[in-house]
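**Student:** File structure-v3.cif follows (mmCIF, C-alpha atoms, pLDDT in the B column; chains and numbers go by the auth columns):
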```cif
data_model
loop_
_atom_site.group_PDB
_atom_site.id
_atom_site.type_symbol
_atom_site.label_atom_id
_atom_site.label_comp_id
_atom_site.label_asym_id
_atom_site.label_seq_id
_atom_site.Cartn_x
_atom_site.Cartn_y
_atom_site.Cartn_z
_atom_site.B_iso_or_equiv
_atom_site.auth_seq_id
_atom_site.auth_asym_id
ATOM 1 C CA MET A 1 0.000 0.000 0.000 42.00 1 V
ATOM 2 C CA GLN A 2 1.328 3.401 -0.973 46.00 2 V
ATOM 3 C CA SER A 3 1.538 5.894 1.871 46.00 3 V
ATOM 4 C CA LYS A 4 0.326 9.434 1.332 53.00 4 V
ATOM 5 C CA GLN A 5 2.626 12.224 2.380 57.00 5 V
ATOM 6 C CA ARG A 6 0.723 14.682 4.550 61.00 6 V
ATOM 7 C CA TRP A 7 1.466 18.379 4.213 63.00 7 V
ATOM 8 C CA ASN A 8 0.329 21.152 6.432 69.00 8 V
ATOM 9 C CA ASN A 9 -0.237 24.683 5.163 71.00 9 V
ATOM 10 C CA ASN A 10 2.938 26.059 6.735 75.00 10 V
ATOM 11 C CA ASP A 11 5.076 23.374 5.060 78.00 11 V
ATOM 12 C CA ILE A 12 3.562 24.159 1.673 77.00 12 V
ATOM 13 C CA LYS A 13 3.956 27.924 2.030 73.00 13 V
ATOM 14 C CA GLU A 14 7.566 27.605 3.158 75.00 14 V
ATOM 15 C CA ARG A 15 8.378 25.200 0.331 77.00 15 V
ATOM 16 C CA VAL A 16 6.848 27.517 -2.300 73.00 16 V
ATOM 17 C CA ARG A 17 8.631 30.536 -0.811 69.00 17 V
ATOM 18 C CA ARG A 18 12.010 28.722 -0.947 75.00 18 V
ATOM 19 C CA GLU A 19 11.553 27.203 -4.411 75.00 19 V
ATOM 20 C CA ARG A 20 10.318 30.425 -6.003 73.00 20 V
ATOM 21 C CA ASN A 21 12.725 32.696 -4.102 70.00 21 V
ATOM 22 C CA PHE A 22 9.895 34.896 -2.866 63.00 22 V
ATOM 23 C CA ASP A 23 10.719 37.589 -0.346 67.00 23 V
ATOM 24 C CA TYR A 24 7.272 37.086 1.134 62.00 24 V
ATOM 25 C CA THR A 25 5.148 34.139 2.180 60.00 25 V
ATOM 26 C CA PRO A 26 2.629 33.434 -0.592 57.00 26 V
ATOM 27 C CA PHE A 27 -1.085 32.965 0.034 58.00 27 V
ATOM 28 C CA GLU A 28 -1.072 34.939 3.278 64.00 28 V
ATOM 29 C CA GLY A 29 -4.098 37.122 3.822 65.00 29 V
ATOM 30 C CA HIS A 30 -6.644 35.288 1.660 67.00 30 V
ATOM 31 C CA GLN A 31 -6.171 31.738 2.855 67.00 31 V
ATOM 32 C CA SER A 32 -9.127 31.827 5.223 68.00 32 V
ATOM 33 C CA ARG A 33 -11.477 33.066 2.487 70.00 33 V
ATOM 34 C CA LEU A 34 -10.169 30.876 -0.313 77.00 34 V
ATOM 35 C CA GLY A 35 -9.923 27.735 1.798 78.00 35 V
ATOM 36 C CA HIS A 36 -13.514 28.106 2.949 81.00 36 V
ATOM 37 C CA TYR A 37 -14.688 28.756 -0.614 81.00 37 V
ATOM 38 C CA TYR A 38 -12.940 25.744 -2.134 82.00 38 V
ATOM 39 C CA ARG A 39 -13.942 23.407 0.687 84.00 39 V
ATOM 40 C CA HIS A 40 -17.588 24.225 -0.053 87.00 40 V
ATOM 41 C CA LEU A 41 -17.032 23.776 -3.771 87.00 41 V
ATOM 42 C CA TYR A 42 -15.363 20.417 -3.159 86.00 42 V
ATOM 43 C CA GLN A 43 -18.203 19.273 -0.888 90.00 43 V
ATOM 44 C CA MET A 44 -20.803 20.187 -3.540 90.00 44 V
ATOM 45 C CA THR A 45 -19.027 18.236 -6.270 88.00 45 V
ATOM 46 C CA ARG A 46 -18.422 15.319 -3.921 88.00 46 V
ATOM 47 C CA TYR A 47 -22.115 15.277 -2.995 91.00 47 V
ATOM 48 C CA VAL A 48 -23.089 15.065 -6.675 90.00 48 V
ATOM 49 C CA ASP A 49 -20.485 12.355 -7.294 88.00 49 V
ATOM 50 C CA GLU A 50 -21.706 10.189 -4.400 90.00 50 V
ATOM 51 C CA GLN A 51 -25.368 10.156 -5.441 89.00 51 V
ATOM 52 C CA SER A 52 -26.587 6.650 -6.194 89.00 52 V
ATOM 53 C CA ILE A 53 -29.645 7.704 -8.202 87.00 53 V
ATOM 54 C CA ASP A 54 -29.478 7.619 -11.984 87.00 54 V
ATOM 55 C CA ILE A 55 -28.587 11.216 -12.874 86.00 55 V
ATOM 56 C CA ASN A 56 -26.221 12.811 -15.343 90.00 56 V
ATOM 57 C CA LYS A 57 -23.623 13.930 -12.796 89.00 57 V
ATOM 58 C CA TYR A 58 -21.591 15.789 -15.385 89.00 58 V
ATOM 59 C CA GLU A 59 -24.541 18.099 -16.092 91.00 59 V
ATOM 60 C CA TYR A 60 -24.902 18.918 -12.387 89.00 60 V
ATOM 61 C CA VAL A 61 -21.193 19.668 -12.006 88.00 61 V
ATOM 62 C CA LYS A 62 -21.334 21.828 -15.159 91.00 62 V
ATOM 63 C CA THR A 63 -24.057 23.855 -13.437 92.00 63 V
ATOM 64 C CA ILE A 64 -21.801 24.359 -10.430 90.00 64 V
ATOM 65 C CA ARG A 65 -18.882 25.296 -12.689 90.00 65 V
ATOM 66 C CA ALA A 66 -21.082 27.782 -14.579 93.00 66 V
ATOM 67 C CA GLN A 67 -21.316 29.806 -11.353 91.00 67 V
ATOM 68 C CA LEU A 68 -17.527 30.345 -11.331 90.00 68 V
ATOM 69 C CA SER A 69 -15.785 33.242 -13.017 90.00 69 V
ATOM 70 C CA THR A 70 -12.763 32.634 -15.243 90.00 70 V
ATOM 71 C CA HIS A 71 -10.473 33.747 -12.411 85.00 71 V
ATOM 72 C CA GLU A 72 -12.172 31.399 -9.939 86.00 72 V
ATOM 73 C CA GLN A 73 -11.757 28.514 -12.374 88.00 73 V
ATOM 74 C CA ALA A 74 -8.067 29.366 -12.789 87.00 74 V
ATOM 75 C CA LEU A 75 -7.623 29.404 -9.002 83.00 75 V
ATOM 76 C CA LEU A 76 -9.432 26.065 -8.796 84.00 76 V
ATOM 77 C CA LEU A 77 -6.942 24.591 -11.272 85.00 77 V
ATOM 78 C CA LEU A 78 -3.999 25.954 -9.290 81.00 78 V
ATOM 79 C CA ASN A 79 -5.510 24.642 -6.056 78.00 79 V
ATOM 80 C CA SER A 80 -5.956 21.188 -7.579 81.00 80 V
ATOM 81 C CA LEU A 81 -2.273 21.040 -8.556 83.00 81 V
ATOM 82 C CA THR A 82 -1.038 21.537 -4.981 79.00 82 V
ATOM 83 C CA PRO A 83 -0.698 18.718 -2.448 79.00 83 V
ATOM 84 C CA VAL A 84 -3.671 20.173 -0.568 74.00 84 V
ATOM 85 C CA GLY A 85 -5.864 19.922 -3.677 77.00 85 V
ATOM 86 C CA GLN A 86 -4.977 16.391 -4.776 78.00 86 V
ATOM 87 C CA ASP A 87 -8.461 15.117 -3.834 76.00 87 V
ATOM 88 C CA TRP A 88 -9.840 16.973 -6.874 73.00 88 V
ATOM 89 C CA TRP A 89 -7.965 14.511 -9.109 75.00 89 V
ATOM 90 C CA ALA A 90 -8.732 11.377 -7.097 73.00 90 V
ATOM 91 C CA LYS A 91 -12.023 10.716 -8.901 63.00 91 V
ATOM 92 C CA ILE A 92 -10.654 11.037 -12.451 57.00 92 V
#
```
Just give me the structure as structure tokens.
**Tutor:**
Amino acid sequence: MQSKQRWNNNDIKERVRRERNFDYTPFEGHQSRLGHYYRHLYQMTRYVDEQSIDINKYEYVKTIRAQLSTHEQALLLLNSLTPVGQDWWAKI
């Protein structure tokens, strides 16, 4: 069985700061708002995915996605590429 490496937010921020040579710590200031937003978005898509009734799940998720601006969709992609956002890819 493959073990998952667990990251906490401080580890991720420090790693990004070091690798990108930032003079500041990225993602500070908006983490509480963005984290809350994407947790709700993830829970909505997970809810649709876990339904056992015969529905077109893709159409429901498209409706959720239609509510997002282009910038929000771009942030969702970036979030999904981080260790914290790996659950977005788990169902593919």
**Student:** Quick one: of V:Leu41, V:Asn9, V:Gly35, V:Arg20, who's nearest to Gln67 of chain V, counting only C-alpha atoms?
**Tutor:**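 Smallest separation from Gln67 of chain V among the options: V:Leu41.
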**Student:** Between V:Thr45, V:Ser80, V:Gln73, V:Asn21, which one has atoms that come closest to Val61 of chain V, using only C-alpha atoms?
**Tutor:**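 Under the stated criterion, the closest residue is V:Thr45.
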**Student:** I need the residue nearest Lys62 of chain V from this list: V:Leu77, V:Ile12, V:Met44, V:Leu34. Use all atoms listed in the file for the distance.
**Tutor:**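 Result for the nearest residue to Lys62 of chain V: V:Met44.
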**Student:** On this structure, which residues satisfy the PyMOL selection byres ((chain V and resi 79) around 12), written as a PyMOL selection string?
**Tutor:** chain V and resi 12+27+31+34-35+37-39+41-42+72-78+80-89
**Student:** Would you work out the distance separating atom CA of Val48 of chain V from atom CA of Ile64 of chain V, expressed in Å to one decimal?
**Tutor:**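 If I compute the distance from atom CA of Val48 of chain V to atom CA of Ile64 of chain V, I get 10.1 Å.
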**Student:** Between atom CA of Arg46 of chain V and atom CA of Leu68 of chain V, measure the distance and give it in Å to one decimal.
**Tutor:** 16.8 Å
**Student:** Distance atom CA of Asp49 of chain V-atom CA of Arg33 of chain V, one decimal place?
**Tutor:**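 Between these atoms lies a distance of 24.6 Å.
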**Student:** Mind writing segment 34-47 of chain V to a file for me, with all heavy atoms, as a short mmCIF file (atom, residue, chain, number, x, y, z; two decimals), in the first residue's frame?
**Tutor:**
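result17.cif was written with the following content:
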```cif
data_model
loop_
_atom_site.label_atom_id
_atom_site.label_comp_id
_atom_site.auth_asym_id
_atom_site.auth_seq_id
_atom_site.Cartn_x
_atom_site.Cartn_y
_atom_site.Cartn_z
N LEU V 34 -10.27 31.82 0.79
CA LEU V 34 -10.17 30.88 -0.31
C LEU V 34 -10.35 29.44 0.15
O LEU V 34 -11.01 28.65 -0.52
CB LEU V 34 -8.82 31.03 -1.03
CG LEU V 34 -8.64 32.32 -1.81
CD1 LEU V 34 -7.22 32.40 -2.37
CD2 LEU V 34 -9.66 32.43 -2.92
N GLY V 35 -9.78 29.09 1.29
CA GLY V 35 -9.92 27.74 1.80
C GLY V 35 -11.38 27.39 2.05
O GLY V 35 -11.86 26.32 1.66
N HIS V 36 -12.09 28.30 2.66
CA HIS V 36 -13.51 28.11 2.95
C HIS V 36 -14.29 27.94 1.64
O HIS V 36 -15.13 27.04 1.51
CB HIS V 36 -14.02 29.32 3.74
CG HIS V 36 -15.46 29.29 4.07
ND1 HIS V 36 -15.98 28.46 5.03
CD2 HIS V 36 -16.50 29.97 3.54
CE1 HIS V 36 -17.29 28.65 5.10
NE2 HIS V 36 -17.62 29.56 4.21
N TYR V 37 -14.01 28.77 0.68
CA TYR V 37 -14.69 28.76 -0.61
C TYR V 37 -14.47 27.42 -1.33
O TYR V 37 -15.42 26.79 -1.79
CB TYR V 37 -14.14 29.92 -1.45
CG TYR V 37 -14.80 30.09 -2.78
CD1 TYR V 37 -16.03 30.70 -2.89
CD2 TYR V 37 -14.16 29.68 -3.94
CE1 TYR V 37 -16.64 30.87 -4.12
CE2 TYR V 37 -14.75 29.85 -5.17
CZ TYR V 37 -15.99 30.44 -5.26
OH TYR V 37 -16.59 30.61 -6.47
N TYR V 38 -13.23 26.98 -1.40
CA TYR V 38 -12.94 25.74 -2.13
C TYR V 38 -13.36 24.49 -1.37
O TYR V 38 -13.69 23.48 -1.99
CB TYR V 38 -11.48 25.70 -2.56
CG TYR V 38 -11.25 26.64 -3.71
CD1 TYR V 38 -10.51 27.80 -3.56
CD2 TYR V 38 -11.83 26.39 -4.94
CE1 TYR V 38 -10.35 28.67 -4.61
CE2 TYR V 38 -11.67 27.26 -6.00
CZ TYR V 38 -10.93 28.39 -5.83
OH TYR V 38 -10.78 29.27 -6.87
N ARG V 39 -13.40 24.55 -0.06
CA ARG V 39 -13.94 23.41 0.69
C ARG V 39 -15.42 23.22 0.38
O ARG V 39 -15.90 22.10 0.18
CB ARG V 39 -13.72 23.59 2.19
CG ARG V 39 -12.33 23.24 2.64
CD ARG V 39 -12.22 23.17 4.15
NE ARG V 39 -12.57 24.42 4.81
CZ ARG V 39 -11.73 25.44 4.98
NH1 ARG V 39 -10.50 25.35 4.54
NH2 ARG V 39 -12.12 26.52 5.61
N HIS V 40 -16.17 24.33 0.30
CA HIS V 40 -17.59 24.23 -0.05
C HIS V 40 -17.77 23.72 -1.48
O HIS V 40 -18.63 22.87 -1.75
CB HIS V 40 -18.29 25.58 0.11
CG HIS V 40 -18.72 25.85 1.50
ND1 HIS V 40 -19.86 25.30 2.04
CD2 HIS V 40 -18.15 26.59 2.47
CE1 HIS V 40 -19.97 25.71 3.30
NE2 HIS V 40 -18.95 26.49 3.58
N LEU V 41 -16.96 24.22 -2.38
CA LEU V 41 -17.03 23.78 -3.77
C LEU V 41 -16.73 22.28 -3.87
O LEU V 41 -17.42 21.54 -4.57
CB LEU V 41 -16.05 24.59 -4.62
CG LEU V 41 -16.09 24.38 -6.11
CD1 LEU V 41 -17.48 24.66 -6.67
CD2 LEU V 41 -15.06 25.29 -6.77
N TYR V 42 -15.72 21.83 -3.16
CA TYR V 42 -15.36 20.42 -3.16
C TYR V 42 -16.50 19.58 -2.59
O TYR V 42 -16.85 18.53 -3.13
CB TYR V 42 -14.08 20.18 -2.36
CG TYR V 42 -13.71 18.72 -2.29
CD1 TYR V 42 -13.10 18.10 -3.37
CD2 TYR V 42 -13.98 17.97 -1.15
CE1 TYR V 42 -12.79 16.75 -3.32
CE2 TYR V 42 -13.66 16.63 -1.09
CZ TYR V 42 -13.07 16.02 -2.18
OH TYR V 42 -12.76 14.69 -2.13
N GLN V 43 -17.11 20.03 -1.50
CA GLN V 43 -18.20 19.27 -0.89
C GLN V 43 -19.41 19.17 -1.83
O GLN V 43 -20.07 18.13 -1.89
CB GLN V 43 -18.62 19.89 0.45
CG GLN V 43 -17.58 19.76 1.53
CD GLN V 43 -17.21 18.31 1.82
OE1 GLN V 43 -18.05 17.43 1.83
NE2 GLN V 43 -15.93 18.07 2.03
N MET V 44 -19.69 20.24 -2.58
CA MET V 44 -20.80 20.19 -3.54
C MET V 44 -20.53 19.17 -4.64
O MET V 44 -21.41 18.37 -4.98
CB MET V 44 -21.04 21.57 -4.16
CG MET V 44 -21.72 22.54 -3.24
SD MET V 44 -22.22 24.05 -4.08
CE MET V 44 -20.64 24.82 -4.43
N THR V 45 -19.34 19.18 -5.20
CA THR V 45 -19.03 18.24 -6.27
C THR V 45 -18.96 16.81 -5.73
O THR V 45 -19.38 15.87 -6.41
CB THR V 45 -17.72 18.60 -6.99
OG1 THR V 45 -16.66 18.67 -6.06
CG2 THR V 45 -17.85 19.91 -7.73
N ARG V 46 -18.46 16.65 -4.53
CA ARG V 46 -18.42 15.32 -3.92
C ARG V 46 -19.84 14.79 -3.68
O ARG V 46 -20.13 13.63 -3.91
CB ARG V 46 -17.63 15.36 -2.62
CG ARG V 46 -17.31 13.96 -2.10
CD ARG V 46 -16.47 14.02 -0.88
NE ARG V 46 -17.35 13.59 0.21
CZ ARG V 46 -17.08 13.69 1.48
NH1 ARG V 46 -15.98 14.26 1.87
NH2 ARG V 46 -17.91 13.26 2.37
N TYR V 47 -20.72 15.67 -3.22
CA TYR V 47 -22.11 15.28 -3.00
C TYR V 47 -22.74 14.77 -4.30
O TYR V 47 -23.40 13.72 -4.31
CB TYR V 47 -22.91 16.46 -2.44
CG TYR V 47 -24.37 16.16 -2.26
CD1 TYR V 47 -24.80 15.43 -1.16
CD2 TYR V 47 -25.31 16.60 -3.17
CE1 TYR V 47 -26.15 15.13 -0.98
CE2 TYR V 47 -26.65 16.31 -3.00
CZ TYR V 47 -27.06 15.58 -1.91
OH TYR V 47 -28.39 15.29 -1.74
#
```
